[in-house]
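Engineer: Input structure: model_35.txt, which contains compact mmCIF, C-alpha atoms and all ligand atoms.
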```txt
# COMPACT_ATOMS: atom_id res chain seq x y z
CA MET A 651 0.00 0.00 0.00
CA CYS A 652 1.56 3.23 -1.06
CA PHE A 653 0.68 6.35 -2.91
CA PHE A 654 2.65 9.01 -4.68
CA ASN A 655 2.20 12.68 -4.26
CA ILE A 656 4.36 14.60 -6.66
CA THR A 657 4.67 18.27 -5.93
CA LYS A 658 6.40 20.63 -8.28
CA GLY A 659 6.96 24.07 -6.84
CA LYS A 660 9.49 26.77 -7.48
CA ASN A 661 12.15 24.56 -5.92
CA ALA A 662 10.72 21.52 -7.60
CA TYR A 663 10.96 18.61 -5.27
CA ILE A 664 9.22 15.31 -5.24
CA ARG A 665 7.70 13.93 -2.09
CA VAL A 666 6.99 10.25 -2.20
CA LYS A 667 4.64 9.11 0.48
CA PHE A 668 4.94 5.59 1.80
CA PRO A 669 3.90 4.03 5.06
CA LEU A 670 6.11 5.58 7.73
CA ILE A 671 8.86 3.00 7.64
CA MET A 672 9.65 3.75 3.99
CA GLN A 673 8.76 7.41 3.89
CA ALA A 674 11.35 9.62 2.33
CA ALA A 675 10.71 13.33 2.25
CA VAL A 676 13.02 14.68 -0.39
CA LYS A 677 12.88 18.20 1.00
CA LYS A 678 15.42 17.95 3.76
CA ILE A 679 14.11 18.48 7.29
CA GLN A 680 16.08 21.14 9.10
CA MET A 681 16.38 22.31 12.69
CA VAL A 682 15.58 25.80 11.39
CA ASP A 683 14.27 26.55 7.89
CA LEU A 684 15.71 29.99 7.13
CA ILE A 685 15.37 29.55 3.37
CA GLY A 686 11.66 28.76 3.58
CA GLN A 687 11.16 31.80 5.80
CA TYR A 688 13.14 34.04 3.44
CA GLU A 689 11.17 32.90 0.38
CA LYS A 690 7.97 34.24 1.91
CA LEU A 691 9.51 37.66 2.51
CA GLN A 692 11.82 37.71 -0.49
CA PRO A 693 10.61 40.77 -2.47
CA GLU A 694 10.51 42.92 0.65
CA ILE A 695 13.86 41.74 2.01
CA ASP A 696 15.64 41.97 -1.34
CA LYS A 697 14.44 45.53 -1.80
CA ALA A 698 15.43 46.56 1.72
CA ILE A 699 18.94 45.16 1.28
CA LEU A 700 19.37 46.75 -2.14
CA ASP A 701 18.15 50.09 -0.81
CA VAL A 702 20.94 50.05 1.77
CA VAL A 703 23.51 49.09 -0.85
CA ARG A 704 22.31 51.88 -3.15
CA SER A 705 22.39 54.42 -0.33
CA ALA A 706 25.86 53.24 0.81
CA ALA A 707 24.81 54.08 4.38
CA PHE A 708 26.31 50.83 5.64
CA ILE A 709 27.27 51.90 9.15
CA ASN A 710 24.94 53.78 11.49
CA GLY A 711 22.60 54.49 8.58
CA PRO A 712 18.94 55.44 8.96
CA GLU A 713 17.91 51.78 8.99
CA VAL A 714 19.74 51.27 12.29
CA LYS A 715 17.95 54.22 13.90
CA ASN A 716 14.60 53.12 12.47
CA PHE A 717 15.04 49.58 13.73
CA GLN A 718 16.09 50.86 17.12
CA ALA A 719 12.97 53.01 17.43
CA GLU A 720 10.65 50.23 16.23
CA PHE A 721 12.23 47.70 18.56
CA GLU A 722 11.90 50.11 21.52
CA LYS A 723 8.23 50.43 20.71
CA TYR A 724 7.72 46.68 20.34
CA LEU A 725 9.46 45.94 23.64
CA GLY A 726 7.95 48.87 25.48
CA VAL A 727 11.41 49.90 26.67
CA LYS A 728 13.05 53.33 26.76
CA HIS A 729 16.38 52.45 25.18
CA VAL A 730 17.56 49.86 22.68
CA ILE A 731 21.29 49.97 21.96
CA PRO A 732 22.17 47.84 18.93
CA CYS A 733 25.55 46.10 18.82
CA ALA A 734 27.46 43.50 16.84
CA ASN A 735 26.29 40.24 18.46
CA GLY A 736 24.73 38.78 21.59
CA THR A 737 28.04 38.01 23.27
CA ASP A 738 29.10 41.63 22.84
CA ALA A 739 25.78 42.71 24.31
CA LEU A 740 26.53 40.72 27.47
CA GLN A 741 30.06 42.07 27.62
CA ILE A 742 29.05 45.71 27.12
CA ALA A 743 26.29 45.38 29.72
CA MET A 744 28.80 43.99 32.20
CA MET A 745 31.35 46.69 31.37
CA ALA A 746 28.71 49.34 32.09
CA MET A 747 28.40 48.18 35.69
CA ASP A 748 31.86 49.31 36.78
CA LEU A 749 32.75 46.01 38.37
CA LYS A 750 36.12 45.13 39.84
CA PRO A 751 38.08 41.94 39.22
CA GLY A 752 36.91 39.32 41.66
CA ASP A 753 33.34 40.65 41.85
CA GLU A 754 30.92 37.76 41.67
CA ILE A 755 28.32 37.23 38.96
CA ILE A 756 25.74 34.49 39.41
CA THR A 757 24.56 32.61 36.36
CA ALA A 758 23.16 29.24 35.31
CA ASP A 759 25.33 26.17 34.88
CA PHE A 760 22.99 24.90 32.14
CA THR A 761 23.38 27.38 29.30
CA TYR A 762 25.27 28.52 26.25
CA VAL A 763 28.85 29.49 27.04
CA ALA A 764 28.62 33.22 26.23
CA THR A 765 27.64 34.40 29.72
CA ALA A 766 30.48 32.67 31.52
CA GLU A 767 32.84 33.68 28.76
CA VAL A 768 32.40 37.43 29.20
CA ILE A 769 32.50 37.07 32.99
CA GLY A 770 35.86 35.34 32.56
CA LEU A 771 37.15 37.85 30.00
CA LEU A 772 36.42 40.77 32.32
CA GLY A 773 38.24 39.11 35.22
CA LEU A 774 35.02 38.68 37.19
CA LYS A 775 34.18 35.55 39.11
CA PRO A 776 31.40 33.34 37.74
CA VAL A 777 29.25 31.75 40.43
CA LEU A 778 27.28 28.93 38.90
CA VAL A 779 23.94 27.63 40.12
CA ASP A 780 21.73 24.76 39.13
CA VAL A 781 18.45 25.08 37.22
CA TYR A 782 14.93 23.72 37.63
CA PRO A 783 14.56 20.27 36.05
CA GLY A 784 11.35 21.26 34.24
CA THR A 785 11.77 24.79 32.91
CA PHE A 786 15.60 24.75 32.78
CA THR A 787 15.78 28.25 34.29
CA LEU A 788 17.68 29.43 37.40
CA ASN A 789 16.62 27.68 40.59
CA ILE A 790 15.73 30.50 42.99
CA GLU A 791 16.58 28.53 46.14
CA GLU A 792 20.02 27.77 44.69
CA VAL A 793 20.47 31.42 43.78
CA LYS A 794 19.75 32.42 47.39
CA LYS A 795 22.46 30.05 48.62
CA ALA A 796 24.97 31.48 46.16
CA ILE A 797 24.58 35.14 47.16
CA THR A 798 27.54 36.63 49.06
CA PRO A 799 28.54 40.22 49.89
CA LYS A 800 30.62 40.13 46.68
CA THR A 801 27.63 39.35 44.44
CA LYS A 802 27.35 42.28 42.04
CA ALA A 803 25.06 40.91 39.39
CA ILE A 804 23.01 37.96 38.32
CA VAL A 805 22.42 36.85 34.76
CA PRO A 806 19.29 34.77 34.30
CA VAL A 807 19.22 33.02 30.93
CA HIS A 808 15.71 32.65 29.52
CA LEU A 809 16.66 29.31 28.10
CA PHE A 810 14.88 27.84 25.05
CA GLY A 811 12.23 30.58 25.02
CA GLN A 812 10.68 31.24 28.40
CA CYS A 813 11.63 33.58 31.22
CA ALA A 814 13.32 32.73 34.47
CA GLU A 815 11.40 33.63 37.64
CA MET A 816 12.10 37.33 37.27
CA ASP A 817 9.89 38.59 40.05
CA GLU A 818 11.80 36.55 42.63
CA LEU A 819 15.14 37.59 41.17
CA MET A 820 14.23 41.29 41.18
CA LYS A 821 13.20 41.00 44.84
CA LEU A 822 16.58 39.45 45.70
CA ALA A 823 18.36 42.15 43.69
CA LYS A 824 16.61 44.88 45.64
CA GLN A 825 17.26 43.19 48.95
CA HIS A 826 20.97 42.58 48.28
CA ASN A 827 21.59 45.55 46.00
CA PHE A 828 22.87 43.88 42.85
CA TYR A 829 22.16 44.18 39.14
CA VAL A 830 20.05 41.78 37.12
CA PHE A 831 20.64 41.45 33.45
CA GLU A 832 18.61 39.15 31.34
CA ASP A 833 20.08 37.01 28.59
CA VAL A 834 17.05 37.08 26.34
CA ALA A 835 18.79 35.73 23.22
CA GLN A 836 16.44 32.73 23.14
CA ALA A 837 13.23 34.34 24.40
CA ILE A 838 12.77 37.54 22.45
CA GLY A 839 9.08 38.31 22.14
CA ALA A 840 8.05 36.26 25.20
CA ASP A 841 5.67 37.95 27.64
CA TYR A 842 6.31 37.94 31.36
CA THR A 843 3.40 38.42 33.75
CA TYR A 844 4.06 39.77 37.25
CA PRO A 845 2.10 38.30 40.15
CA ASP A 846 -0.08 41.45 40.11
CA GLY A 847 -1.01 40.78 36.48
CA LYS A 848 1.22 43.41 34.85
CA LYS A 849 2.57 42.14 31.56
CA VAL A 850 5.94 43.09 30.06
CA LYS A 851 8.27 41.82 27.37
CA ALA A 852 11.12 39.48 28.25
CA GLY A 853 14.35 41.42 28.57
CA THR A 854 12.77 44.61 29.93
CA ILE A 855 12.43 43.50 33.55
CA GLY A 856 16.03 43.49 34.78
CA HIS A 857 18.34 46.50 34.76
CA ILE A 858 19.57 45.46 31.31
CA GLY A 859 18.37 42.93 28.73
CA CYS A 860 20.80 41.45 26.20
CA THR A 861 19.87 39.73 22.98
CA SER A 862 21.36 38.22 19.84
CA PHE A 863 20.14 38.44 16.25
CA PHE A 864 22.13 35.38 15.16
CA PRO A 865 20.29 34.06 12.07
CA SER A 866 18.69 31.08 13.80
CA LYS A 867 17.36 33.07 16.77
CA ASN A 868 13.63 33.85 16.85
CA LEU A 869 14.43 37.35 15.62
CA GLY A 870 17.46 36.68 13.45
CA CYS A 871 19.24 38.78 10.85
CA TYR A 872 21.36 37.66 7.90
CA GLY A 873 24.68 37.76 9.68
CA ASP A 874 25.64 38.80 13.20
CA GLY A 875 23.80 41.29 15.35
CA GLY A 876 22.77 41.98 18.93
CA ALA A 877 21.31 44.59 21.26
CA MET A 878 21.05 45.74 24.84
CA PHE A 879 17.84 47.26 26.29
CA THR A 880 17.22 49.26 29.41
CA ASN A 881 14.84 51.76 30.98
CA ASP A 882 17.75 53.39 32.83
CA ASP A 883 18.98 56.57 31.08
CA GLU A 884 22.42 56.46 32.71
CA LEU A 885 23.08 52.82 31.84
CA ALA A 886 21.87 53.46 28.29
CA LYS A 887 24.27 56.36 27.87
CA LYS A 888 27.14 54.34 29.24
CA MET A 889 26.46 51.29 27.05
CA ARG A 890 26.16 53.46 23.95
CA MET A 891 29.50 55.01 24.80
CA ILE A 892 31.23 51.70 25.53
CA ALA A 893 29.95 50.16 22.28
CA ASN A 894 31.38 53.18 20.43
CA HIS A 895 35.05 53.13 21.52
CA GLY A 896 34.23 54.74 24.84
CA GLN A 897 33.31 58.06 23.23
CA SER A 898 30.15 60.12 23.39
CA VAL A 899 31.76 62.96 21.41
CA GLN A 900 33.83 61.86 18.43
CA TYR A 901 37.56 61.54 19.22
CA TYR A 902 37.05 62.20 22.95
CA HIS A 903 37.39 58.87 24.75
CA ASP A 904 36.14 58.84 28.33
CA VAL A 905 36.42 55.12 29.04
CA VAL A 906 38.05 52.13 27.39
CA GLY A 907 35.36 50.81 25.08
CA VAL A 908 34.92 48.36 22.25
CA ASN A 909 33.81 48.62 18.64
CA SER A 910 30.46 46.90 18.39
CA ARG A 911 27.87 47.94 15.83
CA LEU A 912 24.82 46.53 14.12
CA ASP A 913 25.26 47.24 10.42
CA SER A 914 22.55 48.84 8.30
CA ILE A 915 21.86 45.80 6.11
CA GLN A 916 21.16 43.70 9.20
CA ALA A 917 18.95 46.44 10.64
CA ALA A 918 16.98 46.58 7.37
CA VAL A 919 16.36 42.83 7.53
CA LEU A 920 15.43 43.01 11.21
CA ARG A 921 12.90 45.78 10.61
CA ILE A 922 10.99 43.47 8.29
CA LYS A 923 11.28 40.39 10.46
CA LEU A 924 10.26 42.29 13.60
CA ARG A 925 6.84 42.86 12.00
CA HIS A 926 6.43 39.07 11.85
CA LEU A 927 7.90 38.19 15.24
CA ASP A 928 4.61 37.59 17.03
CA GLU A 929 3.27 35.52 14.16
CA TYR A 930 6.54 33.53 14.17
CA ALA A 931 6.11 32.86 17.90
CA LYS A 932 2.59 31.59 17.22
CA ALA A 933 3.88 29.22 14.52
CA ARG A 934 6.48 27.86 16.94
CA GLN A 935 3.87 27.49 19.70
CA LYS A 936 1.61 25.61 17.33
CA ALA A 937 4.44 23.25 16.38
CA ALA A 938 5.26 22.75 20.08
CA ALA A 939 1.62 21.95 20.84
CA TYR A 940 1.65 19.30 18.11
CA TYR A 941 4.74 17.68 19.63
CA ASN A 942 3.30 17.93 23.17
CA LYS A 943 0.18 16.14 22.09
CA ALA A 944 2.06 13.39 20.28
CA PHE A 945 4.32 12.74 23.27
CA ALA A 946 1.78 13.31 26.06
CA ASN A 947 1.97 10.79 28.91
CA HIS A 948 4.74 8.81 27.28
CA PRO A 949 6.62 7.05 30.09
CA LYS A 950 10.06 7.87 28.66
CA ILE A 951 9.46 11.42 27.47
CA LYS A 952 9.19 14.63 29.49
CA THR A 953 7.79 17.40 27.32
CA PRO A 954 8.84 20.99 28.11
CA ALA A 955 7.47 22.21 31.45
CA ARG A 956 5.85 25.61 31.41
CA SER A 957 6.61 28.57 33.61
CA GLN A 958 3.53 30.05 35.28
CA HIS A 959 4.74 33.59 34.62
CA SER A 960 6.01 33.52 31.08
CA THR A 961 4.80 32.67 27.64
CA HIS A 962 7.09 30.29 25.77
CA VAL A 963 8.36 31.28 22.32
CA PHE A 964 10.06 27.90 21.75
CA HIS A 965 13.43 28.91 20.44
CA GLN A 966 14.04 25.23 21.04
CA TYR A 967 11.66 22.35 21.62
CA THR A 968 13.57 20.23 24.10
CA LEU A 969 12.59 16.85 25.49
CA VAL A 970 14.09 15.13 28.50
CA LEU A 971 14.34 11.38 27.98
CA GLU A 972 14.03 9.11 30.99
CA GLY A 973 15.21 5.53 30.69
CA ALA A 974 16.14 5.81 27.02
CA ASP A 975 19.41 6.45 25.26
CA ARG A 976 19.36 10.00 23.95
CA ASN A 977 22.41 9.49 21.74
CA LYS A 978 21.00 6.34 20.17
CA LEU A 979 17.72 8.14 19.45
CA ARG A 980 19.66 10.91 17.75
CA GLU A 981 21.53 8.37 15.61
CA TYR A 982 18.26 6.63 14.75
CA LEU A 983 16.63 9.91 13.72
CA ALA A 984 19.67 10.71 11.57
CA THR A 985 19.10 7.51 9.59
CA LYS A 986 15.65 8.93 8.78
CA ASP A 987 17.10 12.31 7.79
CA ILE A 988 15.65 13.91 10.89
CA PRO A 989 18.09 16.29 12.54
CA ALA A 990 18.08 16.59 16.32
CA MET A 991 20.44 18.57 18.51
CA VAL A 992 21.74 18.40 22.04
CA TYR A 993 21.63 21.78 23.77
CA TYR A 994 23.87 21.48 25.75
CA PRO A 995 25.97 18.34 26.10
CA VAL A 996 28.41 19.60 28.74
CA PRO A 997 27.60 21.65 31.87
CA LEU A 998 29.62 24.85 32.18
CA HIS A 999 31.39 23.61 35.31
CA LEU A 1000 32.74 20.58 33.44
CA GLN A 1001 34.03 22.56 30.45
CA LYS A 1002 37.83 22.59 30.21
CA ALA A 1003 38.00 26.38 30.02
CA TYR A 1004 35.81 26.86 33.09
CA LYS A 1005 37.15 24.14 35.40
CA ASP A 1006 37.21 25.41 38.96
CA PRO A 1007 38.17 23.58 42.14
CA ARG A 1008 34.90 24.85 43.69
CA TYR A 1009 32.86 22.72 41.32
CA LYS A 1010 33.41 18.98 41.06
CA GLU A 1011 31.48 16.44 39.07
CA GLY A 1012 28.13 16.04 40.85
CA ALA A 1013 28.06 19.68 41.99
CA PHE A 1014 24.99 20.48 39.88
CA PRO A 1015 22.99 17.26 39.62
CA VAL A 1016 20.06 18.71 37.66
CA THR A 1017 22.26 20.25 34.98
CA GLU A 1018 24.38 17.13 34.77
CA HIS A 1019 21.28 14.99 34.30
CA LEU A 1020 19.87 17.36 31.67
CA CYS A 1021 23.11 17.45 29.72
CA ALA A 1022 22.97 13.66 29.54
CA SER A 1023 19.30 13.35 28.63
CA VAL A 1024 17.97 16.33 26.65
CA ILE A 1025 17.30 16.30 22.93
CA SER A 1026 15.92 19.16 20.82
CA LEU A 1027 13.72 18.46 17.82
CA PRO A 1028 13.33 20.65 14.72
CA ILE A 1029 11.21 23.69 15.45
CA HIS A 1030 10.76 26.74 13.27
CA THR A 1031 8.21 28.86 11.49
CA GLU A 1032 7.85 26.68 8.39
CA LEU A 1033 7.24 23.28 9.97
CA SER A 1034 4.30 21.39 8.45
CA GLU A 1035 2.13 18.94 10.36
CA GLU A 1036 3.09 16.34 7.81
CA THR A 1037 6.76 16.75 8.69
CA GLN A 1038 5.97 16.77 12.39
CA SER A 1039 3.98 13.58 12.04
CA TYR A 1040 6.99 11.98 10.35
CA ILE A 1041 9.27 13.19 13.17
CA THR A 1042 7.02 12.15 16.06
CA GLY A 1043 6.36 8.81 14.37
CA ALA A 1044 10.08 8.12 14.22
CA VAL A 1045 10.68 9.17 17.85
CA LEU A 1046 7.80 6.99 19.10
CA GLU A 1047 8.92 4.09 16.95
CA PHE A 1048 12.40 4.23 18.52
CA LEU A 1049 11.04 4.44 22.06
CA LYS A 1050 8.53 1.62 21.57
C1 LIG B 1 23.00 32.91 20.94
C2 LIG B 1 23.19 33.17 22.36
C3 LIG B 1 24.15 34.07 22.83
C4 LIG B 1 25.20 34.71 21.96
O1 LIG B 1 24.80 35.35 20.85
P1 LIG B 1 25.82 35.64 19.64
O2 LIG B 1 25.10 36.62 18.82
O3 LIG B 1 26.08 34.35 18.95
O4 LIG B 1 27.08 36.20 20.23
C5 LIG B 1 24.19 34.32 24.19
N1 LIG B 1 23.37 33.71 25.04
C6 LIG B 1 22.46 32.81 24.63
C7 LIG B 1 21.57 32.16 25.63
C8 LIG B 1 22.35 32.49 23.29
O5 LIG B 1 21.44 31.59 22.89
```
Will you turn the file into structure tokens for me?

Structural biologist:
Amino acid sequence: MCFFNITKGKNAYIRVKFPLIMQAAVKKIQMVDLIGQYEKLQPEIDKAILDVVRSAAFINGPEVKNFQAEFEKYLGVKHVIPCANGTDALQIAMMAMDLKPGDEIITADFTYVATAEVIGLLGLKPVLVDVYPGTFTLNIEEVKKAITPKTKAIVPVHLFGQCAEMDELMKLAKQHNFYVFEDVAQAIGADYTYPDGKKVKAGTIGHIGCTSFFPSKNLGCYGDGGAMFTNDDELAKKMRMIANHGQSVQYYHDVVGVNSRLDSIQAAVLRIKLRHLDEYAKARQKAAAYYNKAFANHPKIKTPARSQHSTHVFHQYTLVLEGADRNKLREYLATKDIPAMVYYPVPLHLQKAYKDPRYKEGAFPVTEHLCASVISLPIHTELSEETQSYITGAVLEFLK
């Protein structure tokens, strides 16, 4: 029993439909389908890029200012300061806080390396804490234990698309007088609801929010890009100065800065994609709901737990496998041309570059367990139910 369904589109491809075991989708499944997304916006994007080229306003052109203003409006924040990438955003934010070597910065052990990297580069002391096993965000009780008189800042990472428990963190910050800056690279567009019902955008709660426009992020450009946001006029001024060689007046350098800019072509692309960000989040949420339903109540699969205070924009759709071999599942999916990724395979405290006698193996049991058992499935704005059915079918077949 089989049937053929031959589709010829612009990128003519042939999809041959067989019963699951033999199914071969010729259009390659991807973790993120940036080409499919581009094709829908192509005339608009092509024109915007060409307009920049024709104007030759490549650096600090009007597109950068326009994007900045539109992004401020979208986020409901006073200042957006564009920069060259998300790692720079974290570094510039930290430089703006006038910290001294040895000052302690608390962050999550289960995350992308960038946060710990800039802490290390600036001679500050990273203090790692474990995360919640369900939402993968900073465990507040662990944060409380890690606070010392030297704690100067805390960097919650809104991992995979939903916010850490910001209300609790802001209370601690007030009580102990330290800064909070949000790494919102994976959760741009998520809404955070305070206990009193007030709703704000992820990244605008702490003193500073930092994001990345890396192409595969939910709001991605066509190269590198990043931004800091804040409601604090002083911090905004300082970050703008640091990102611009430490000058606020040209050729007068008040502090040692860096050179970190978002270029005009990237800003032009971002202006267009920003208009679609909420609709992109909805597409991702829909795809996540499909996966959740397919995997519901499976004894070996834990679907992503949801924070009570944050919407989830599913930068990643990440399962925790219990009693099944994550690596073997990944290999099995690869034989069916289904990509799957492990974010992240090694906890920060076990990375060679960040080894520290304070943290031995077993120091962060939740993170260590997650690193051994998480697997992220393809999720993006162009995912069809047909493809998802193929993916979930293969996962369930392996775990049978
Ligand atoms: C992508 C990412 C970064 C770094 O962004 P770049 O633009 O690649 O420098 C930082 N933190 C998190 C959580 C990220 O996902």

Engineer: Which residues come within 9 Å of Tyr993 in chain A, counting all atoms listed in the file, excluding same-chain residues fewer than 6 positions away, as number ranges by chain?

Structural biologist: A: 761-762, 966, 968, 1021, 1024-1026

Engineer: Find the residues around range 742-748 of chain A up to 7 Å (all atoms listed in the file counted), leave out those fewer than 2 positions away in its own chain, and share them as a list in words.

Structural biologist: Asp738, Ala739, Leu740, Lys750, Ile858, Leu885, Lys888, Met889, Ile892 and Ala893 of chain A

Engineer: Quick one: residues within 9 Å of Tyr982 in chain A, only C-alpha atoms counted, chain neighbours fewer than 6 positions away excluded, as a list in words?

Structural biologist: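 What passes the distance filter is Ile988, Ala1044, Val1045 and Phe1048 of chain A.
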
Engineer: In Å to one decimal, how far is CA of Ala877 in chain A from CA of Val768 in chain A?

Structural biologist: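 Taking CA of Val768 in chain A as the start and CA of Ala877 in chain A as the end point, the length is 15.4 Å.
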
Engineer: List all protein, DNA and RNA residues that have any atom at most 6 Å from ligand LIG 1 (chain B), counting only C-alpha atoms and all ligand atoms, and write the list as a list in words.

Structural biologist: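 The residues near ligand LIG 1 (chain B) are Asn735, Gly736, Thr737, Tyr762, Ala764, Val807, Asp833, Ala835, Gln836, Ser862, Phe863, Phe864, Gly875 and Gly876 of chain A.
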
Engineer: Could you state the separation of CA of Val906 in chain A and CA of Ile769 in chain A in Å, given to one decimal place?

Structural biologist: 17.0 Å

Engineer: Which is closest to Met891 in chain A among A:Gly1012, A:Pro732, A:Gly686, A:Gly870, if we use all atoms listed in the file?

Structural biologist: A:Pro732

Engineer: Interatomic distance between CA of Gly773 in chain A and CA of Leu749 in chain A?

Structural biologist: 9.4 Å

Engineer: Contacts of Gln825 in chain A at 12 Å or less, counting all atoms listed in the file, minus same-chain residues fewer than 3 places along, as a ChimeraX atom specification?

Structural biologist: /A:794,797,799,801,818-822,828-829

Engineer: Pull C-alpha atoms from the residues just selected and write them as a PDB file, in the coordinates of the input.

Structural biologist:
```pdb
ATOM      1  CA  LYS A 794      19.750  32.420  47.390  1.00  0.00           C
ATOM      2  CA  ILE A 797      24.580  35.140  47.160  1.00  0.00           C
ATOM      3  CA  PRO A 799      28.540  40.220  49.890  1.00  0.00           C
ATOM      4  CA  THR A 801      27.630  39.350  44.440  1.00  0.00           C
ATOM      5  CA  GLU A 818      11.800  36.550  42.630  1.00  0.00           C
ATOM      6  CA  LEU A 819      15.140  37.590  41.170  1.00  0.00           C
ATOM      7  CA  MET A 820      14.230  41.290  41.180  1.00  0.00           C
ATOM      8  CA  LYS A 821      13.200  41.000  44.840  1.00  0.00           C
ATOM      9  CA  LEU A 822      16.580  39.450  45.700  1.00  0.00           C
ATOM     10  CA  PHE A 828      22.870  43.880  42.850  1.00  0.00           C
ATOM     11  CA  TYR A 829      22.160  44.180  39.140  1.00  0.00           C
TER      12      TYR A 829
END
```

Engineer: For Ala931 in chain A, which of A:Gly973, A:Gly839, A:Gly711, A:Gly1043 is the closest residue, counting all atoms listed in the file?

Structural biologist: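 Closest candidate: A:Gly839.
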
Engineer: Any chance you could model N, CA and C atoms for range 889-901 of chain A and send them as a PDB file, in the frame of the given file?

Structural biologist:
```pdb
ATOM      1  N   MET A 889      26.308  52.415  27.995  1.00  0.00           N
ATOM      2  CA  MET A 889      26.460  51.290  27.050  1.00  0.00           C
ATOM      3  C   MET A 889      26.685  51.806  25.634  1.00  0.00           C
ATOM      4  N   ARG A 890      25.984  52.879  25.280  1.00  0.00           N
ATOM      5  CA  ARG A 890      26.160  53.460  23.950  1.00  0.00           C
ATOM      6  C   ARG A 890      27.601  53.936  23.763  1.00  0.00           C
ATOM      7  N   MET A 891      28.128  54.506  24.835  1.00  0.00           N
ATOM      8  CA  MET A 891      29.500  55.010  24.800  1.00  0.00           C
ATOM      9  C   MET A 891      30.498  53.852  24.709  1.00  0.00           C
ATOM     10  N   ILE A 892      30.294  52.842  25.532  1.00  0.00           N
ATOM     11  CA  ILE A 892      31.230  51.700  25.530  1.00  0.00           C
ATOM     12  C   ILE A 892      31.239  51.013  24.161  1.00  0.00           C
ATOM     13  N   ALA A 893      30.042  50.851  23.580  1.00  0.00           N
ATOM     14  CA  ALA A 893      29.950  50.160  22.280  1.00  0.00           C
ATOM     15  C   ALA A 893      30.619  50.988  21.176  1.00  0.00           C
ATOM     16  N   ASN A 894      30.823  52.262  21.436  1.00  0.00           N
ATOM     17  CA  ASN A 894      31.380  53.180  20.430  1.00  0.00           C
ATOM     18  C   ASN A 894      32.757  53.693  20.884  1.00  0.00           C
ATOM     19  N   HIS A 895      33.679  52.767  21.156  1.00  0.00           N
ATOM     20  CA  HIS A 895      35.050  53.130  21.520  1.00  0.00           C
ATOM     21  C   HIS A 895      35.142  54.024  22.752  1.00  0.00           C
ATOM     22  N   GLY A 896      34.156  53.944  23.615  1.00  0.00           N
ATOM     23  CA  GLY A 896      34.230  54.740  24.840  1.00  0.00           C
ATOM     24  C   GLY A 896      34.091  56.241  24.622  1.00  0.00           C
ATOM     25  N   GLN A 897      33.464  56.611  23.503  1.00  0.00           N
ATOM     26  CA  GLN A 897      33.310  58.060  23.230  1.00  0.00           C
ATOM     27  C   GLN A 897      31.826  58.427  23.138  1.00  0.00           C
ATOM     28  N   SER A 898      31.494  59.598  23.655  1.00  0.00           N
ATOM     29  CA  SER A 898      30.150  60.120  23.390  1.00  0.00           C
ATOM     30  C   SER A 898      30.279  61.311  22.437  1.00  0.00           C
ATOM     31  N   VAL A 899      31.449  61.944  22.413  1.00  0.00           N
ATOM     32  CA  VAL A 899      31.760  62.960  21.410  1.00  0.00           C
ATOM     33  C   VAL A 899      32.916  62.397  20.585  1.00  0.00           C
ATOM     34  N   GLN A 900      32.836  62.515  19.261  1.00  0.00           N
ATOM     35  CA  GLN A 900      33.830  61.860  18.430  1.00  0.00           C
ATOM     36  C   GLN A 900      35.252  62.328  18.761  1.00  0.00           C
ATOM     37  N   TYR A 901      36.128  61.351  18.927  1.00  0.00           N
ATOM     38  CA  TYR A 901      37.560  61.540  19.220  1.00  0.00           C
ATOM     39  C   TYR A 901      37.841  61.982  20.654  1.00  0.00           C
TER      40      TYR A 901
END
```
